[in-house]
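The data block below is my_file.csv; it holds CSV, N, CA and C atoms.
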```
chain,number,residue,atom,x,y,z
A,1,MET,N,67.0,159.9,236.1
A,1,MET,CA,66.9,159.0,234.9
A,1,MET,C,67.1,159.9,233.6
A,2,ALA,N,67.8,159.3,232.7
A,2,ALA,CA,68.1,160.0,231.4
A,2,ALA,C,66.8,160.4,230.7
A,3,ARG,N,66.9,161.6,230.2
A,3,ARG,CA,65.7,162.1,229.4
A,3,ARG,C,66.0,161.9,227.9
A,4,PHE,N,64.9,161.7,227.1
A,4,PHE,CA,65.0,161.8,225.7
A,4,PHE,C,64.5,163.2,225.3
A,5,ILE,N,65.3,163.8,224.4
A,5,ILE,CA,65.0,165.1,223.8
A,5,ILE,C,65.0,164.9,222.3
A,6,TYR,N,63.8,165.2,221.7
A,6,TYR,CA,63.7,165.2,220.3
A,6,TYR,C,64.5,166.4,219.7
A,7,HIS,N,65.4,166.2,218.8
A,7,HIS,CA,66.1,167.3,218.1
A,7,HIS,C,66.6,166.7,216.8
A,8,ASN,N,66.2,167.3,215.7
A,8,ASN,CA,66.7,166.9,214.4
A,8,ASN,C,67.6,168.0,213.8
A,9,VAL,N,68.9,167.7,213.6
A,9,VAL,CA,69.8,168.7,213.1
A,9,VAL,C,69.9,168.6,211.5
A,10,ASN,N,69.1,167.7,210.9
A,10,ASN,CA,69.1,167.7,209.5
A,10,ASN,C,68.6,169.1,209.0
A,11,PRO,N,69.3,169.8,208.1
A,11,PRO,CA,69.0,171.1,207.7
A,11,PRO,C,67.6,171.2,207.0
A,12,ASP,N,67.2,170.1,206.4
A,12,ASP,CA,65.9,170.1,205.7
A,12,ASP,C,64.8,169.6,206.6
A,13,GLY,N,65.1,169.2,207.8
A,13,GLY,CA,64.1,168.7,208.8
A,13,GLY,C,63.6,167.3,208.4
A,14,GLN,N,64.4,166.6,207.5
A,14,GLN,CA,64.0,165.3,207.1
A,14,GLN,C,64.3,164.3,208.2
A,15,LYS,N,63.5,163.2,208.2
A,15,LYS,CA,63.8,162.1,209.1
A,15,LYS,C,64.4,161.0,208.2
A,16,ALA,N,65.6,161.3,207.6
A,16,ALA,CA,66.3,160.4,206.7
A,16,ALA,C,67.2,159.4,207.4
A,17,SER,N,67.7,158.5,206.7
A,17,SER,CA,68.7,157.6,207.2
A,17,SER,C,70.1,158.2,207.3
A,18,ASP,N,70.1,159.3,208.2
A,18,ASP,CA,71.4,160.1,208.3
A,18,ASP,C,71.8,160.2,209.7
A,19,CYS,N,71.6,159.1,210.5
A,19,CYS,CA,71.9,159.2,211.9
A,19,CYS,C,73.4,159.4,212.2
A,20,VAL,N,74.2,158.9,211.4
A,20,VAL,CA,75.7,159.1,211.5
A,20,VAL,C,76.0,160.6,211.4
A,21,THR,N,75.5,161.2,210.4
A,21,THR,CA,75.7,162.6,210.2
A,21,THR,C,75.1,163.5,211.3
A,22,ARG,N,73.8,163.1,211.6
A,22,ARG,CA,73.2,163.9,212.7
A,22,ARG,C,73.9,163.8,214.0
A,23,ALA,N,74.3,162.6,214.4
A,23,ALA,CA,74.9,162.4,215.7
A,23,ALA,C,76.3,163.1,215.8
A,24,ILE,N,77.1,163.0,214.7
A,24,ILE,CA,78.4,163.6,214.7
A,24,ILE,C,78.2,165.2,214.7
A,25,THR,N,77.3,165.6,213.9
A,25,THR,CA,77.0,167.1,213.8
A,25,THR,C,76.6,167.6,215.2
A,26,LEU,N,75.7,167.0,215.9
A,26,LEU,CA,75.3,167.4,217.2
A,26,LEU,C,76.4,167.3,218.2
A,27,GLY,N,77.1,166.2,218.2
A,27,GLY,CA,78.1,166.0,219.2
A,27,GLY,C,79.4,166.9,219.0
A,28,SER,N,79.8,167.1,217.8
A,28,SER,CA,81.0,167.7,217.5
A,28,SER,C,80.9,169.2,217.3
A,29,GLY,N,79.8,169.7,217.0
A,29,GLY,CA,79.6,171.2,216.7
A,29,GLY,C,80.0,171.5,215.3
A,30,TYR,N,80.4,170.6,214.5
A,30,TYR,CA,80.6,170.9,213.0
A,30,TYR,C,79.3,171.0,212.4
A,31,SER,N,79.2,171.7,211.3
A,31,SER,CA,77.9,171.8,210.5
A,31,SER,C,77.6,170.5,209.9
A,32,TYR,N,76.3,170.4,209.6
A,32,TYR,CA,75.8,169.2,208.9
A,32,TYR,C,76.6,169.0,207.6
A,33,PRO,N,76.6,170.0,206.7
A,33,PRO,CA,77.4,169.8,205.4
A,33,PRO,C,78.9,169.4,205.7
A,34,ALA,N,79.5,170.0,206.7
A,34,ALA,CA,80.9,169.7,206.9
A,34,ALA,C,81.1,168.2,207.4
A,35,VAL,N,80.2,167.7,208.2
A,35,VAL,CA,80.2,166.3,208.6
A,35,VAL,C,80.0,165.4,207.4
A,36,ARG,N,79.0,165.8,206.6
A,36,ARG,CA,78.8,164.9,205.3
A,36,ARG,C,80.1,164.9,204.5
A,37,ARG,N,80.7,166.0,204.3
A,37,ARG,CA,82.0,166.0,203.6
A,37,ARG,C,83.1,165.2,204.2
A,38,LYS,N,83.2,165.3,205.5
A,38,LYS,CA,84.2,164.5,206.2
A,38,LYS,C,83.9,163.0,206.1
A,39,LEU,N,82.6,162.6,206.2
A,39,LEU,CA,82.3,161.2,206.0
A,39,LEU,C,82.5,160.7,204.6
A,40,TYR,N,82.2,161.6,203.6
A,40,TYR,CA,82.5,161.2,202.2
A,40,TYR,C,84.0,161.0,202.0
A,41,HIS,N,84.8,161.9,202.5
A,41,HIS,CA,86.3,161.8,202.3
A,41,HIS,C,86.9,160.6,203.1
A,42,SER,N,86.4,160.4,204.2
A,42,SER,CA,86.8,159.2,205.0
A,42,SER,C,86.5,157.9,204.2
A,43,ALA,N,85.3,157.9,203.7
A,43,ALA,CA,84.9,156.7,203.0
A,43,ALA,C,85.7,156.5,201.7
A,44,LYS,N,86.0,157.6,201.0
A,44,LYS,CA,86.8,157.5,199.8
A,44,LYS,C,88.3,157.1,200.2
A,45,LEU,N,88.8,157.7,201.2
A,45,LEU,CA,90.2,157.3,201.7
A,45,LEU,C,90.3,155.9,202.0
A,46,PHE,N,89.3,155.3,202.8
A,46,PHE,CA,89.4,153.9,203.2
A,46,PHE,C,88.6,153.0,202.4
A,47,ASP,N,88.1,153.4,201.3
A,47,ASP,CA,87.3,152.6,200.4
A,47,ASP,C,86.3,151.8,201.1
A,48,CYS,N,85.4,152.5,201.7
A,48,CYS,CA,84.3,151.9,202.5
A,48,CYS,C,83.0,152.7,202.4
A,49,ASP,N,81.9,152.1,202.9
A,49,ASP,CA,80.6,152.8,202.9
A,49,ASP,C,80.7,153.8,204.1
A,50,LYS,N,80.4,155.0,203.9
A,50,LYS,CA,80.5,156.0,204.9
A,50,LYS,C,79.6,155.8,206.1
A,51,LEU,N,78.5,154.9,205.9
A,51,LEU,CA,77.6,154.6,207.0
A,51,LEU,C,78.0,153.3,207.7
A,52,ASN,N,79.0,152.7,207.3
A,52,ASN,CA,79.5,151.5,207.9
A,52,ASN,C,80.3,151.8,209.2
A,53,VAL,N,80.1,151.2,210.3
A,53,VAL,CA,80.8,151.5,211.5
A,53,VAL,C,82.3,151.5,211.4
A,54,ASP,N,82.8,150.6,210.7
A,54,ASP,CA,84.3,150.5,210.5
A,54,ASP,C,84.8,151.7,209.8
A,55,CYS,N,84.0,152.3,208.9
A,55,CYS,CA,84.4,153.4,208.1
A,55,CYS,C,84.3,154.7,209.0
A,56,TYR,N,83.2,154.9,209.6
A,56,TYR,CA,83.1,156.2,210.4
A,56,TYR,C,83.9,156.1,211.7
A,57,CYS,N,84.3,155.0,212.1
A,57,CYS,CA,85.3,154.9,213.2
A,57,CYS,C,86.6,155.6,212.9
A,58,HIS,N,87.0,155.5,211.7
A,58,HIS,CA,88.3,156.1,211.2
A,58,HIS,C,88.1,157.7,211.4
A,59,LEU,N,87.0,158.2,211.0
A,59,LEU,CA,86.7,159.6,211.2
A,59,LEU,C,86.7,160.0,212.7
A,60,LEU,N,85.9,159.2,213.5
A,60,LEU,CA,85.8,159.6,214.9
A,60,LEU,C,87.1,159.4,215.6
A,61,GLU,N,87.8,158.4,215.4
A,61,GLU,CA,89.0,158.1,216.2
A,61,GLU,C,90.3,158.6,215.7
A,62,ASP,N,90.5,158.5,214.4
A,62,ASP,CA,91.8,159.0,213.8
A,62,ASP,C,91.8,160.4,213.3
A,63,VAL,N,90.6,161.0,212.9
A,63,VAL,CA,90.6,162.3,212.4
A,63,VAL,C,90.1,163.3,213.6
A,64,LEU,N,89.0,163.0,214.2
A,64,LEU,CA,88.5,163.8,215.2
A,64,LEU,C,89.0,163.5,216.6
A,65,LYS,N,89.7,162.4,216.7
A,65,LYS,CA,90.4,162.0,218.0
A,65,LYS,C,89.5,161.8,219.2
A,66,PHE,N,88.3,161.3,218.9
A,66,PHE,CA,87.3,160.9,220.0
A,66,PHE,C,87.7,159.6,220.5
A,67,PRO,N,88.0,159.5,221.8
A,67,PRO,CA,88.4,158.2,222.4
A,67,PRO,C,87.2,157.3,222.6
A,68,GLN,N,87.4,156.0,222.4
A,68,GLN,CA,86.3,155.0,222.7
A,68,GLN,C,86.2,155.0,224.2
A,69,VAL,N,84.9,154.7,224.7
A,69,VAL,CA,84.6,154.5,226.1
A,69,VAL,C,84.0,153.1,226.3
A,70,GLU,N,84.3,152.5,227.3
A,70,GLU,CA,83.8,151.2,227.7
A,70,GLU,C,82.3,151.3,228.0
A,71,THR,N,81.5,150.4,227.5
A,71,THR,CA,80.0,150.5,227.8
A,71,THR,C,79.5,149.4,228.7
A,72,TYR,N,80.3,148.3,228.9
A,72,TYR,CA,79.9,147.2,229.8
A,72,TYR,C,78.5,146.7,229.5
A,73,GLY,N,78.1,146.6,228.3
A,73,GLY,CA,76.8,146.0,227.9
A,73,GLY,C,75.6,146.8,228.4
A,74,MET,N,75.8,148.1,228.5
A,74,MET,CA,74.7,149.0,229.0
A,74,MET,C,73.8,149.4,227.8
A,75,SER,N,72.5,149.7,228.2
A,75,SER,CA,71.6,150.3,227.3
A,75,SER,C,72.0,151.8,227.2
A,76,VAL,N,71.4,152.4,226.2
A,76,VAL,CA,71.7,153.8,226.0
A,76,VAL,C,71.2,154.6,227.3
A,77,GLY,N,70.1,154.3,227.8
A,77,GLY,CA,69.6,155.0,229.0
A,77,GLY,C,70.5,154.7,230.2
A,78,GLU,N,70.9,153.5,230.4
A,78,GLU,CA,71.8,153.2,231.5
A,78,GLU,C,73.2,154.0,231.4
A,79,PHE,N,73.7,154.0,230.1
A,79,PHE,CA,74.9,154.7,229.9
A,79,PHE,C,74.7,156.2,230.2
A,80,ALA,N,73.6,156.8,229.7
A,80,ALA,CA,73.4,158.2,229.9
A,80,ALA,C,73.3,158.5,231.4
A,81,ASP,N,72.6,157.6,232.2
A,81,ASP,CA,72.5,157.8,233.6
A,81,ASP,C,73.9,157.7,234.3
A,82,ALA,N,74.8,156.9,233.8
A,82,ALA,CA,76.1,156.7,234.4
A,82,ALA,C,77.1,157.8,233.9
A,83,HIS,N,76.7,158.6,232.9
A,83,HIS,CA,77.6,159.6,232.4
A,83,HIS,C,76.8,160.9,232.3
A,84,PRO,N,76.5,161.5,233.4
A,84,PRO,CA,75.6,162.7,233.5
A,84,PRO,C,76.3,164.0,233.0
A,85,TYR,N,77.6,163.9,232.7
A,85,TYR,CA,78.3,165.1,232.3
A,85,TYR,C,79.2,164.7,231.0
A,86,GLY,N,79.2,165.6,230.1
A,86,GLY,CA,80.0,165.4,228.9
A,86,GLY,C,79.1,165.0,227.7
A,87,VAL,N,79.8,164.9,226.6
A,87,VAL,CA,79.1,164.6,225.3
A,87,VAL,C,79.7,163.3,224.8
A,88,TYR,N,78.8,162.4,224.4
A,88,TYR,CA,79.1,161.1,223.9
A,88,TYR,C,78.4,160.8,222.6
A,89,LEU,N,79.0,160.0,221.8
A,89,LEU,CA,78.3,159.4,220.6
A,89,LEU,C,78.2,157.9,221.0
A,90,VAL,N,77.0,157.4,220.9
A,90,VAL,CA,76.8,156.0,221.2
A,90,VAL,C,76.2,155.2,220.0
A,91,ARG,N,76.7,154.1,219.7
A,91,ARG,CA,76.3,153.3,218.6
A,91,ARG,C,75.6,152.1,219.1
A,92,MET,N,74.5,151.8,218.6
A,92,MET,CA,73.8,150.5,218.8
A,92,MET,C,73.6,149.8,217.4
A,93,GLU,N,73.1,148.6,217.4
A,93,GLU,CA,72.9,147.9,216.1
A,93,GLU,C,72.1,148.8,215.2
A,94,GLY,N,72.7,149.3,214.1
A,94,GLY,CA,71.9,150.0,213.0
A,94,GLY,C,71.6,151.5,213.3
A,95,HIS,N,72.2,152.0,214.4
A,95,HIS,CA,71.9,153.4,214.7
A,95,HIS,C,73.1,154.0,215.6
A,96,ILE,N,73.2,155.3,215.5
A,96,ILE,CA,74.1,156.1,216.4
A,96,ILE,C,73.4,157.3,216.9
A,97,SER,N,73.6,157.7,218.1
A,97,SER,CA,72.9,158.8,218.8
A,97,SER,C,73.9,159.6,219.6
A,98,THR,N,73.4,160.7,220.1
A,98,THR,CA,74.2,161.6,220.9
A,98,THR,C,73.7,161.7,222.3
A,99,ILE,N,74.6,161.6,223.3
A,99,ILE,CA,74.2,161.9,224.7
A,99,ILE,C,74.9,163.1,225.1
A,100,TRP,N,74.2,164.1,225.6
A,100,TRP,CA,74.7,165.4,226.0
A,100,TRP,C,74.3,165.6,227.5
A,101,ASN,N,75.3,165.6,228.4
A,101,ASN,CA,75.0,165.8,229.8
A,101,ASN,C,73.9,164.9,230.3
A,102,GLY,N,73.9,163.7,230.0
A,102,GLY,CA,73.0,162.7,230.4
A,102,GLY,C,71.7,162.7,229.7
A,103,ASP,N,71.5,163.5,228.7
A,103,ASP,CA,70.2,163.5,227.9
A,103,ASP,C,70.5,162.8,226.6
A,104,VAL,N,69.6,162.0,226.1
A,104,VAL,CA,69.7,161.3,224.8
A,104,VAL,C,69.0,162.2,223.8
A,105,ILE,N,69.8,162.7,222.9
A,105,ILE,CA,69.2,163.7,221.9
A,105,ILE,C,69.2,163.0,220.5
A,106,ASP,N,68.0,162.9,219.9
A,106,ASP,CA,67.9,162.2,218.7
A,106,ASP,C,66.5,162.4,218.1
A,107,ILE,N,66.2,161.7,217.0
A,107,ILE,CA,64.8,161.9,216.5
A,107,ILE,C,63.9,160.7,216.9
A,108,TRP,N,64.5,159.8,217.6
A,108,TRP,CA,63.6,158.7,218.2
A,108,TRP,C,64.3,158.3,219.5
A,109,ASP,N,63.5,157.8,220.4
A,109,ASP,CA,63.9,157.4,221.8
A,109,ASP,C,64.6,156.0,221.7
A,110,CYS,N,65.9,156.0,221.8
A,110,CYS,CA,66.7,154.8,221.7
A,110,CYS,C,67.2,154.3,223.1
A,111,ARG,N,66.7,154.9,224.2
A,111,ARG,CA,67.2,154.6,225.5
A,111,ARG,C,67.2,153.1,225.8
A,112,PRO,N,66.2,152.3,225.4
A,112,PRO,CA,66.2,150.9,225.7
A,112,PRO,C,67.2,150.1,224.9
A,113,SER,N,67.8,150.6,223.8
A,113,SER,CA,68.7,149.9,222.9
A,113,SER,C,70.0,149.7,223.6
A,114,TYR,N,70.7,148.6,223.3
A,114,TYR,CA,72.0,148.3,223.9
A,114,TYR,C,73.1,148.8,223.0
A,115,ILE,N,74.1,149.4,223.7
A,115,ILE,CA,75.2,150.0,223.0
A,115,ILE,C,76.3,149.0,222.6
A,116,THR,N,76.8,149.2,221.4
A,116,THR,CA,77.9,148.4,220.9
A,116,THR,C,79.3,149.1,220.9
A,117,ASN,N,79.2,150.5,220.7
A,117,ASN,CA,80.4,151.3,220.8
A,117,ASN,C,80.0,152.7,221.4
A,118,ALA,N,81.0,153.3,222.0
A,118,ALA,CA,80.7,154.7,222.5
A,118,ALA,C,82.0,155.5,222.4
A,119,TRP,N,81.9,156.8,222.1
A,119,TRP,CA,83.0,157.7,222.0
A,119,TRP,C,82.8,158.9,222.9
A,120,ARG,N,83.8,159.4,223.6
A,120,ARG,CA,83.6,160.6,224.3
A,120,ARG,C,84.0,161.8,223.4
A,121,VAL,N,83.1,162.7,223.2
A,121,VAL,CA,83.4,163.9,222.4
A,121,VAL,C,83.9,165.1,223.2
A,122,GLY,N,83.3,165.3,224.3
A,122,GLY,CA,83.8,166.4,225.1
A,122,GLY,C,83.3,166.3,226.6
```

This entry written out as structure tokens:
Amino acid sequence: MARFIYHNVNPDGQKASDCVTRAITLGSGYSYPAVRRKLYHSAKLFDCDKLNVDCYCHLLEDVLKFPQVETYGMSVGEFADAHPYGVYLVRMEGHISTIWNGDVIDIWDCRPSYITNAWRVG
């Protein structure tokens, strides 16, 4: 069964509304400030809110080249169980998280939430 691991990559240790930055930072290996800059530039380029899924999809898919993965209506926990190897970013309504080798890594346990989008990072 998928484990939840608390880990906050926010450099100030804040529990801010920065899940997009945190998830991409953890999954990609880029620094937190670098991801914030990439999100800012992507939002400026596409004239959108950097925290809007349509906006950060451009960064994930077109810039970072992370392919989308079918989720088949799974919860985060079910997806993590079905994908015990690799790194994934998973989006649910209002949140995005990282799955690393079957573990859900975030600042809150989102395993029961249902996924709307997922990307394979590595």

*Check the DSSP output for the backbone and give back, as number ranges by chain, the residues of segment 20-114 of chain A in strand (DSSP E).*
A: 87-92, 95-100, 103-106

*Figure out the distance between atom C of Asp54 of chain A and atom CA of Tyr40 of chain A, please, to one decimal in Å.*
12.4 Å

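Between atom C of His58 of chain A and atom N of Leu45 of chain A the separation is 10.2 Å.
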
Contacts of Arg120 of chain A within 8 Å, only C-alpha atoms, excl. fewer than 3 positions in-chain, as a PDB file with N, CA and C atoms, keeping the file's coordinate frame:
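Saved result, part.pdb, follows:
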```
ATOM      1  N   PHE A  66      88.300 161.300 218.900  1.00  0.00           N
ATOM      2  CA  PHE A  66      87.300 160.900 220.000  1.00  0.00           C
ATOM      3  C   PHE A  66      87.700 159.600 220.500  1.00  0.00           C
ATOM      4  N   PRO A  67      88.000 159.500 221.800  1.00  0.00           N
ATOM      5  CA  PRO A  67      88.400 158.200 222.400  1.00  0.00           C
ATOM      6  C   PRO A  67      87.200 157.300 222.600  1.00  0.00           C
ATOM      7  N   GLN A  68      87.400 156.000 222.400  1.00  0.00           N
ATOM      8  CA  GLN A  68      86.300 155.000 222.700  1.00  0.00           C
ATOM      9  C   GLN A  68      86.200 155.000 224.200  1.00  0.00           C
ATOM     10  N   VAL A  69      84.900 154.700 224.700  1.00  0.00           N
ATOM     11  CA  VAL A  69      84.600 154.500 226.100  1.00  0.00           C
ATOM     12  C   VAL A  69      84.000 153.100 226.300  1.00  0.00           C
ATOM     13  N   GLY A  86      79.200 165.600 230.100  1.00  0.00           N
ATOM     14  CA  GLY A  86      80.000 165.400 228.900  1.00  0.00           C
ATOM     15  C   GLY A  86      79.100 165.000 227.700  1.00  0.00           C
ATOM     16  N   VAL A  87      79.800 164.900 226.600  1.00  0.00           N
ATOM     17  CA  VAL A  87      79.100 164.600 225.300  1.00  0.00           C
ATOM     18  C   VAL A  87      79.700 163.300 224.800  1.00  0.00           C
ATOM     19  N   TYR A  88      78.800 162.400 224.400  1.00  0.00           N
ATOM     20  CA  TYR A  88      79.100 161.100 223.900  1.00  0.00           C
ATOM     21  C   TYR A  88      78.400 160.800 222.600  1.00  0.00           C
ATOM     22  N   LEU A  89      79.000 160.000 221.800  1.00  0.00           N
ATOM     23  CA  LEU A  89      78.300 159.400 220.600  1.00  0.00           C
ATOM     24  C   LEU A  89      78.200 157.900 221.000  1.00  0.00           C
TER      25      LEU A  89
END
```

_Interatomic distance, atom CA of Val121 of chain A to atom CA of Leu64 of chain A (Å, one decimal)_ = 8.8 Å
